[in-house]
Structure formats: C-alpha cells, structure tokens
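Heads up: the structure comes next, in structure tokens.
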Amino acid sequence: MSSHTRFLDGLNPPQRAAVECTEGPVLVLAGAGSGKTRVITRRIAHIIGSGLADPQNLLAVTFTNKAAAEMRERVADLTGAASAREITISTFHAFCLQVLRRHISHLGYRSNFTISSEGDSHTLLRRVTDELGVQGESFDARTFQAAISLAKNTGETPDTLRDKPARNATEEKYQQHMTDVYAKYESALRAANSLDFDDLLTFTLRLWAEHPGLLAAAQKQYRYVMVDEYQDTNAVQYRLLRALVGKCRNLCVVGDDDQSIYGWRGADVRNILEFERDFPDAKVITLDQNYRSTETILAAANGVIRNNSARREKKLWSSLGKGRPIDHFVVGDEEDEAREAVNWLIQIRQKTGVSLEDFAILYRSNLQSRPFELALRQAGVPYQVYGGQDFFERAEVKDIISYLKVIANPRDETAFLRVVNVPRRGIGDVTLHLAHEICRTEGKSLGMAMAAVLERSMAPKNTEYGIRRFLGVIQRYRKRFRDLDAPLDVIARDLVRDIDYLDELQRTSRTPVQYEARAQNVEAVINALATYAAGTNHPRLHAFLDATHLNSDAGTESRQDMKRDGVSLMTIHSAKGLEFPFVFIVGMEDGSLPHERSITEGALDEERRLFYVALTRGKRHVTLFEALSRTRHGRERMCKTSRFLAEIPPELIVCQVRAAREMVEERVAPPKPKPKPKRRPPRKTL
DNA sequence: AGACCCAGGTTTTTT
DNA sequence: ACCTGGGTCT
C-alpha cells in the first residue's frame with residue numbers, strides 16, 4: 001500500500017469517493033459545512049501522490065483570493081510547500097490575467113495593459129455617455145455599467161445585443177443606447193490599452209477561440225481541473241472551463257446550488273443544475289453530512305430550502321445533537337432590535353462564557369448595520385463591521401495608483417486625465433481638448449499629444465510649464481520603475497515627494513484630522529508596495545498594480561484585519577463560507593428579507609437561498625429578530641413577518657414576544673432614562 | 001476652484 | 001432621512 005492512501009484517512013464514504021474519482025467529469029454537491037475544502041485539497045494531494053500528474057498539471061479555480069490562499073496553504077500541509085507552489089491555484093480572473101499578460105499581443109493589445117477598476121470604468125462611462133448625449137433620459141453611467149458587466153458575463157457583445165429583438169419602443173430605444181454606449185466604451189478601453197474585470201475573462205475566451213494553438217497548449221498543461229463554488233460561475237466562466245477541459249475532460253466541480261446567491265451578478269445556477277446535460281457521463285456525488293451545525297439548525301434550514309423548486313434534492317444531517325431551539329424575538333423597531341440583540345448577546349455570554357468572536361450579526365443590507373453599531377458601542381462591546389468602503393476607491397489612493405498606472409501604461413487615458421492636473425499645474429479643459437484633438441487626428445497617446453502641444457507652442461506660458469513638469473515626472477519615473485534603481489516603495493515615496501502631493505492634500509483637506517487620515521492612506525499605498533516587493537524575487541510595478549486590482553485587500557494594513565476582533569457585523573452575502581457558534585439574523589420582515597425589490601422582481605428563490613445561507617452559518621444557536629415597524633426611505637412603516645419564517649417547522653422556534661411588549665410599553669410610558677455608556681467606546685471599531 | 005443647492009435614488013458585490 | 005452627483009453661482 002503506497003503512502004498516498006493517507007489522503008483518504010478520516011473521510012466519510014462520499015467524501016472518499018469524491019477524492020478517488022479522479023478521471024472524467026465529476027460533480028460534487030457539497031452542502032453547507034460538509035467538508036468541501038477538505039475534499040478538494042485531499043483530491044489534489046491524492047492526484048499528485050498517486051503519480052497521476054505532476055503539480056503543474058493541476059488547476060484549481062476559486063472565486064476569491066482568500067479562498068485560493070487558504071487552499072494553497074492546506075494543500076501545502078498535505079503535499080509539502082514545494083509541490084503546492086507548482087500547482088496553479090487561483091481565481092478565474094487571476095488565471096486569465098496570467099494568460100493574457102503572456103499572449104494578449106495576439107489580440108492587438110500591448111502586454112503592459114492596465115486593469116480598469118470599477119471606479120475607472122465608471123469615470124470612463126460618464127465620459128462616453130456625455131459624448132453620446134444619452135445621459136439624462138433616466139439612463140446614467142451606473143445603469144450602463146451594470147448592464148455592460150452583465151452583458152459581458154453572459155457572453156453578449158454589442159453586435160449580439162443589437163440583433164436582439166425588442167418588445168416595444170422603450171426597449172428598442174434603450175437597446176439602441178445600450179449598444180452605442182457599450183461599443184464606445186469598448187473602443188475607449190482599447191485605445192487606453194485597458195481591460196476591465198470582465199474583459200479578463202472574455203478576452204481569454206476570445207484568445208483561445210482565435211488561436212487554437214494557445215488553447216491546445218493550455219489543455220496539454222492542465223490535465224486536471226477543479227472548480228470551487230461552482231454554483232457561482234457565469235456563462236463566460238463556464239465556456240472557459242469547457243474549452244479548457246475539451247480533451248481530457250477531467251473536470252471536477254464542487255458547489256451547492258442551494259447557496260447560489262450571486263445570480264444578480266450573472267452567476268448562472270443552471271451550470272450546476274444541468275451539469276450532466278453537458279457531461280452525460282458525469283459522476284455525481286452528494287455530500288450531505290454536515291459537521292458544523294446542530295440538528296435543529298439544519299432542520300430549520302432544510303424546512304426553508306425545500307420550498308425552492310429548481311434544485312438538487314439533498315437533506316443535510318448531522319450528528320451533533322439537537323442543541324437549543326431557534327429563538328425568535330419580535331421587537332418594536334430597528335433601535336429596539338439592536339438593543340434587544342445586544343442584551344441577548346450579553347445574556348448568552350454570561351451563561352456560556354463564550355467569546356465575542358463567536359457572535360455574528362447578519363443583515364440583508366449594509367444600511368441595517370447602523371443601529372447595531374450604536375447599541376454595541378453604547379454597551380461597550382467591541383465589534384467589527386465588514387464590507388463597505390473600498391480602500392482603493394478613496395480619492396487619494398486612486399490618485400497615487402493612477403500615477404503608477406500612467407507610468408506603467410502610457411495609453412491609460414482615465415488614469416492620465418485623473419492626475420494630469422493633480423496637483424494643480426494650470427492644465428485645464430482647453431489644453432486637454434487641444435490634446436484630445438491631436439490624439440484623434442494623429443493617433444497619438446495623450447502624453448505624446450501633450451508633448452506636441454508644447455512643441456507647437458499652443459498653450460500659454462504657465463500651462464507649458466505645467467505640462468513640462470508633468471511629462472518630466474512621468475518620464476523620469478517610468479525610467480526609474482523600469483530600471484529599479486531603488487526598491488519600489490522608495491521610488492514611489494520619491495514620486496509622492498516630487499509632485500508635492502502631501503501639500504496638495506493639506507490644501508484640499510478640511511480638517512487636520514482628515515489630512516492625517518488621507519496622508520496615512522497614501523503611506524499605506526507605499527507600504528503595500530514595500531510588502532509586495534518583500535514577498536517576491538522579481539518585483540515589478542505592473543505585477544503590483546495587478547495585485548491591487550485583483551486583490552481588494554492587498555493594500556490594507558497587512559493581514560491584521562483578517563483576524564476577527566469582537567462581534568462580527570456583516571451582510572449575509574459576505575458571510576458565505578464563514579461560520580459562527582452564535583448567529584443573529586436580523587430584519588426578518590418582508591421587505592428586508594426577502595428584499596422589497598426581489599419581491600417585485602420575483603427573485604424569491606435567491607432570497608430564500610440567502611436565508612438558507614444565513615441559517616447554515618450557525619454552529620450552536622441561531623436567533624431571529626423581527627421588528628414591527630422600521631424606518632424605510634425616511635418614513636416609519638409597519639412591517640409584516642418575513643414569509644420565510646413560516647417555513648421553519650414551528651416546533652423548532654421559541655418566540656420571545658414578551659420582551660417586545662415590554663419594549664413597547666417602555667416607549668409609550670415616561671421618557672426613558674438614557675442608558676449611560678458604561679465604559680468608554682472600544683478602541684477599534686473601524 | 002470651491003461652495004451651495006436641488007433632485008433622485010435607495011440590495012447584495014467574490015473580481 | 002440621507003447621501004451622491006450634477007449644475008450653477010461667486
């Protein structure tokens with residue numbers, strides 16, 4: 001018996017089958033908490049350990065960088081770090097980026113293309129809609145951005161879109177605008193030698209379609225392909241996979257249709273539901289033993305999810321015992337809800353002695369977090385709110401990144417326009433229009449056009465001076481970043497100094513506190529460069545920019561914010577993949593969960609899955625909170641119980657209405673005594 | 001360029 | 001109720 005059979009130790013029968021079944025198409029239906037990651041990592045180790053393939057012949061695709069990093073770590077525990085390093089474990093986007101950096105010249109782009117962030121694309125789309133004169137009529141850049149992204153992810157091009165039949169005049173008009181904007185946006189990106197997130201996928205698909213030799217090479221290399229969270233794949237990702245495994249067909253997809261909650265972003269749950277249609281000989285393995293939750297929680301979750309029609313039948317079970325029933329609080333309004341939740345949390349802690357990190361408060365939308373933050377602060381309970389403002393979308397961070405992007409890719413117009421006059425150099429609209437004209441007529445990049453403006457003495461003296469300074473800085477640093485005459489972060493720090501950026505911040509900040517915060521963000525970008533440079537043998541500006549665009553938390557304060565600290569507050573969406581001993585699901589009303597808009601749009605199945613995901617985050621105990629009234633859009637409105645609540649078998653729920661009545665009476669009676677803050681607010685709230 | 005005002009909208013967000 | 005974005009005025 002060879003030593004690699006140890007990779008089968010301790011697996012239950014279906015898990016073991018999933019690991020051992022290495023050849024041909026395999027669909028693993030992995031229910032929540034059923035040991036999915038364990039199966040994938042063991043399977044990888046098994047394939048390598050049994051000599052079926054070398055590490056570089058394996059491709060494992062995940063949806064987040066975090067998942068990829070975790071998977072690599074866990075594989076390394078099994079196979080050793082040297083092997084694990086050779087395996088391609090990455091997100092769809094990172095994988096495609098890698099392909100495109102090498103081969104994009106075949107599509108007429110330069111390999112130093114930059115990635116257009118969502119913010120960049122938004123700016124660009126504003127310009128496009130302006131130039132086409134289609135804003136106004138209830139079409140704005142945001143709408144187009146979402147529509148274009150959806151189109152790209154479902155494989156629509158401006159041409160296919162144009163050919164679609166419209167049902168009425170409004171639709172036709174919209175379609176007309178949409179195709180125009182889409183086409184113009186595409187050509188603007190092309191001119192800027194930029195790709196947006198979605199392009200990373202579609203371009204790779206095109207590359208493979210137009211250059212079969214490249215596809216064949218990829219097929220030859222990746223003989224075993226695994227995909228995590230398969231229920232979240234969209235049409236383009238599906239086509240990429242099909243192309244890649246065309247020959248070997250060793251495709252193993254792992255996912256749970258019941259946890260498909262990203263349909264609104266183009267994820268197509270049919271990919272998992274109809275897997276055997278495309279791979280008739282597929283082996284289907286269901287993992288339904290749950291190692292996370294109590295039987296009560298699973299019974300509740302099962303009771304809810306069975307109301308969805310199009311799904312793979314499966315019933316999670318566990319042997320962890322019944323545990324405590326689900327508690328259901330009915331409270332007055334959102335403030336009562338928050339207060340009651342905090343009381344309840346404190347009570348549970350007194351009884352069980354568990355730590356704050358064991359609690360999560362889950363809500364449907366970010367707006368709902370506010371009252372909980374207030375109540376927790378008031379009670380002196382440390383907490384952490386996840387999600388929200390993206391570090392890389394802050395103005396000062398975008399400024400610095402844009403400088404770096406112009407340096408890395410001379411044609412990146414969005415970045416160029418953002419920083420050409422920051423800090424003020426007297427380069428205004430007039431000059432830029434001049435330059436734009438030269439771009440158009442002579443096919444030059446904006447930078448070259450500006451140089452032409454200088455040569456032809458088309459601008460006033462002080463503007464000329466400004467242009468000279470700007471182009472000089474860019475040129476100097478383009479050379480420095482290429483030659484790497486110093487560490488990346490040192491060069492960047494010089495750049496920030498040379499453009500007097502901190503003075504600019506000082507000028508534009510309203511308060512010293514704000515200035516301090518913004519200067520620190522700039523410092524954080526430089527630190528991120530240093531961190532990046534320290535972790536690689538061949539630091540390159542381009543690779544750093546790629547990482548910042550693909551990895552949303554690459555630049556934030558190291559890994560410190562990864563570890564939980566205090567009670568966790570987050571949306572249900574961001575809780576997917578996590579688990580907590582105690583879960584509070586709040587806002588259990590029609591309008592919140594299911595969300596109002598989903599009700600009108602008839603997207604109830606996905607909302608139900610959302611509730612299912614929320615429930616199955618809980619390990620020991622789940623508490624539901626429902627408010628009788630809630631302030632929505634500024635008005636106080638009465639709420640009806642969430643329709644999903646009735647789907648939980650009633651014997652599993654203990655209703656805590658008394659608490660609510662007391663709350664209401666208290667509110668009606670004399671002015672309530674302001675609860676004094678017992679301790680000073682927690683240091684780290686973020 | 002910066003301050004001010006009004007209108008509109010208002011989920012979720014792995015990359 | 002609140003925030004954003006765009007437009008206008010100084």
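Ordered as shown in the structure tokens, chains take letters A, B, and onward, while each chain numbers its residues from 1 and ligands are numbered from 1 in the order shown.
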>> I'd like the neighbourhood of DT15 of chain B as a VMD selection string, where a residue qualifies if any of its atoms comes within 7 Å (using only C-alpha atoms (C1' of nucleotides)), though same-chain residues fewer than 2 positions away should be ignored.
In response: chain A and resid 93 197 550
File of the preceding selection, N, CA and C atoms, as a PDB file, in the first residue's frame:
ATOM      1  N   HIS A  93     -10.182  35.221 -12.470  1.00  0.00           N
ATOM      2  CA  HIS A  93      -9.630  36.461 -13.011  1.00  0.00           C
ATOM      3  C   HIS A  93      -8.108  36.453 -12.997  1.00  0.00           C
ATOM      4  N   PHE A 197     -12.503  44.229 -15.439  1.00  0.00           N
ATOM      5  CA  PHE A 197     -12.516  42.906 -14.801  1.00  0.00           C
ATOM      6  C   PHE A 197     -13.115  41.846 -15.712  1.00  0.00           C
ATOM      7  N   LEU A 550      -6.732  43.022  -8.428  1.00  0.00           N
ATOM      8  CA  LEU A 550      -7.399  41.732  -8.292  1.00  0.00           C
ATOM      9  C   LEU A 550      -7.643  41.350  -6.845  1.00  0.00           C
TER      10      LEU A 550
END
>> I need the chain C residues near chain A as JSON, numbers by chain; criterion: at most 12 Å, counting only C-alpha atoms (C1' of nucleotides).
In response: {"C": [1, 2, 3, 5, 6]}
Same residues, C-alpha atoms (C1' of nucleotides), saved as a PDB file, in the first residue's frame:
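Dumped everything to selection05.pdb:
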ATOM      1  C1'  DA C   1     -33.774  60.613   6.216  1.00  0.00           C
ATOM      2  C1'  DC C   2     -29.688  60.648   3.905  1.00  0.00           C
ATOM      3  C1'  DC C   3     -26.225  60.558   0.609  1.00  0.00           C
ATOM      4  C1'  DG C   5     -23.968  63.755  -8.308  1.00  0.00           C
ATOM      5  C1'  DG C   6     -24.557  67.420 -11.264  1.00  0.00           C
TER       6       DG C   6
END
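Backbone DSSP assigns strand (DSSP E or B) in segment 70-318 of chain A to Thr88, Ile89, Ser90, Thr91, Thr114, Ile115, Ser116, Ser194, Leu195, Asp196, Tyr224, Val225, Met226, Val227, Asn234, Leu251, Cys252, Val253, Val254, Gly255, Ala267, Lys283, Val284, Ile285, Thr286, Leu287, Gln289 and Trp317 of chain A.
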> as a count of residues only, which residues of segment 268-427 of chain A does DSSP assign to helix (DSSP H, G or I)?
Replying inline: 78
> Could you list, as JSON, numbers by chain, every residue of chain B that has an atom within 9 Å of an atom of chain A, counting only C-alpha atoms (C1' of nucleotides)?
Replying inline: {"B": [10, 11, 12, 13, 14, 15]}
Write to file, as a compact mmCIF listing (two decimals), in the first residue's frame, the residues of the selection just made, with N, CA, C and O atoms (P, O5', C5', C4', C3', O3' and C1' of nucleotides).
# COMPACT_ATOMS: atom_id res chain seq x y z
P DT B 10 -31.72 53.47 -7.29
O5' DT B 10 -31.46 53.54 -5.76
C5' DT B 10 -30.40 54.04 -5.10
C4' DT B 10 -30.55 53.42 -3.73
C3' DT B 10 -31.51 52.25 -3.65
O3' DT B 10 -31.07 51.24 -2.80
C1' DT B 10 -32.27 53.96 -2.23
P DT B 11 -30.56 50.48 -2.00
O5' DT B 11 -30.35 49.26 -2.89
C5' DT B 11 -30.88 48.06 -2.44
C4' DT B 11 -30.13 47.40 -1.30
C3' DT B 11 -28.63 47.32 -1.45
O3' DT B 11 -28.07 46.95 -0.20
C1' DT B 11 -29.70 45.37 -2.19
P DT B 12 -26.53 47.03 0.02
O5' DT B 12 -26.13 45.58 -0.46
C5' DT B 12 -26.30 44.49 0.43
C4' DT B 12 -26.01 43.22 -0.27
C3' DT B 12 -24.68 43.21 -1.03
O3' DT B 12 -23.75 42.49 -0.26
C1' DT B 12 -26.45 42.23 -2.29
P DT B 13 -22.47 43.30 0.19
O5' DT B 13 -21.35 42.70 -0.76
C5' DT B 13 -21.57 41.54 -1.53
C4' DT B 13 -20.60 41.56 -2.69
C3' DT B 13 -19.40 42.46 -2.51
O3' DT B 13 -18.24 41.70 -2.81
C1' DT B 13 -20.52 42.99 -4.54
P DT B 14 -16.88 41.88 -2.14
O5' DT B 14 -15.99 41.66 -3.43
C5' DT B 14 -16.24 40.58 -4.27
C4' DT B 14 -15.51 39.34 -3.75
C3' DT B 14 -14.43 38.87 -4.72
O3' DT B 14 -13.30 38.40 -4.01
C1' DT B 14 -16.10 37.23 -4.50
P DT B 15 -11.94 39.13 -4.25
O5' DT B 15 -11.83 39.20 -5.84
C5' DT B 15 -11.60 38.02 -6.59
C4' DT B 15 -11.77 38.40 -8.04
C3' DT B 15 -10.79 39.47 -8.49
O3' DT B 15 -9.93 38.89 -9.46
C1' DT B 15 -13.03 40.02 -9.14
>> What's around DC9 of chain C at 12 Å? Count only C-alpha atoms (C1' of nucleotides), leave out sequence neighbours fewer than 5 positions away in its own chain, and write the answer as a PyMOL selection string.
In response: chain B and resi 2-5
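We find atom CA of Gln219 of chain A and atom CA of Leu27 of chain A to be spaced 20.0 Å apart.
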> What is the atom CA of Arg482 of chain A-atom CA of Tyr532 of chain A distance in Å, reported with one decimal?
Replying inline: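 Taking atom CA of Arg482 of chain A as the start and atom CA of Tyr532 of chain A as the end point, the length is 16.4 Å.
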> Near Ile104 of chain A, within 10 Å and counting only C-alpha atoms (C1' of nucleotides), which residues show up once chain neighbours fewer than 5 positions away are dropped, as a PyMOL selection string?
Replying inline: chain A and resi 97-99+109-113+203-204+207
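Residues surrounding segment 618-621 of chain A within 9 Å are Tyr291, Arg292, Ser293, Thr294, Thr296, Ile297, Gly323, Arg324, Pro325, Ile326, Asp327, Ala360, Glu579, Phe580, Pro581, Phe582, Val583, Phe584, Ala614 and Leu615 of chain A [only C-alpha atoms (C1' of nucleotides); sequence separation below 3 positions excluded].
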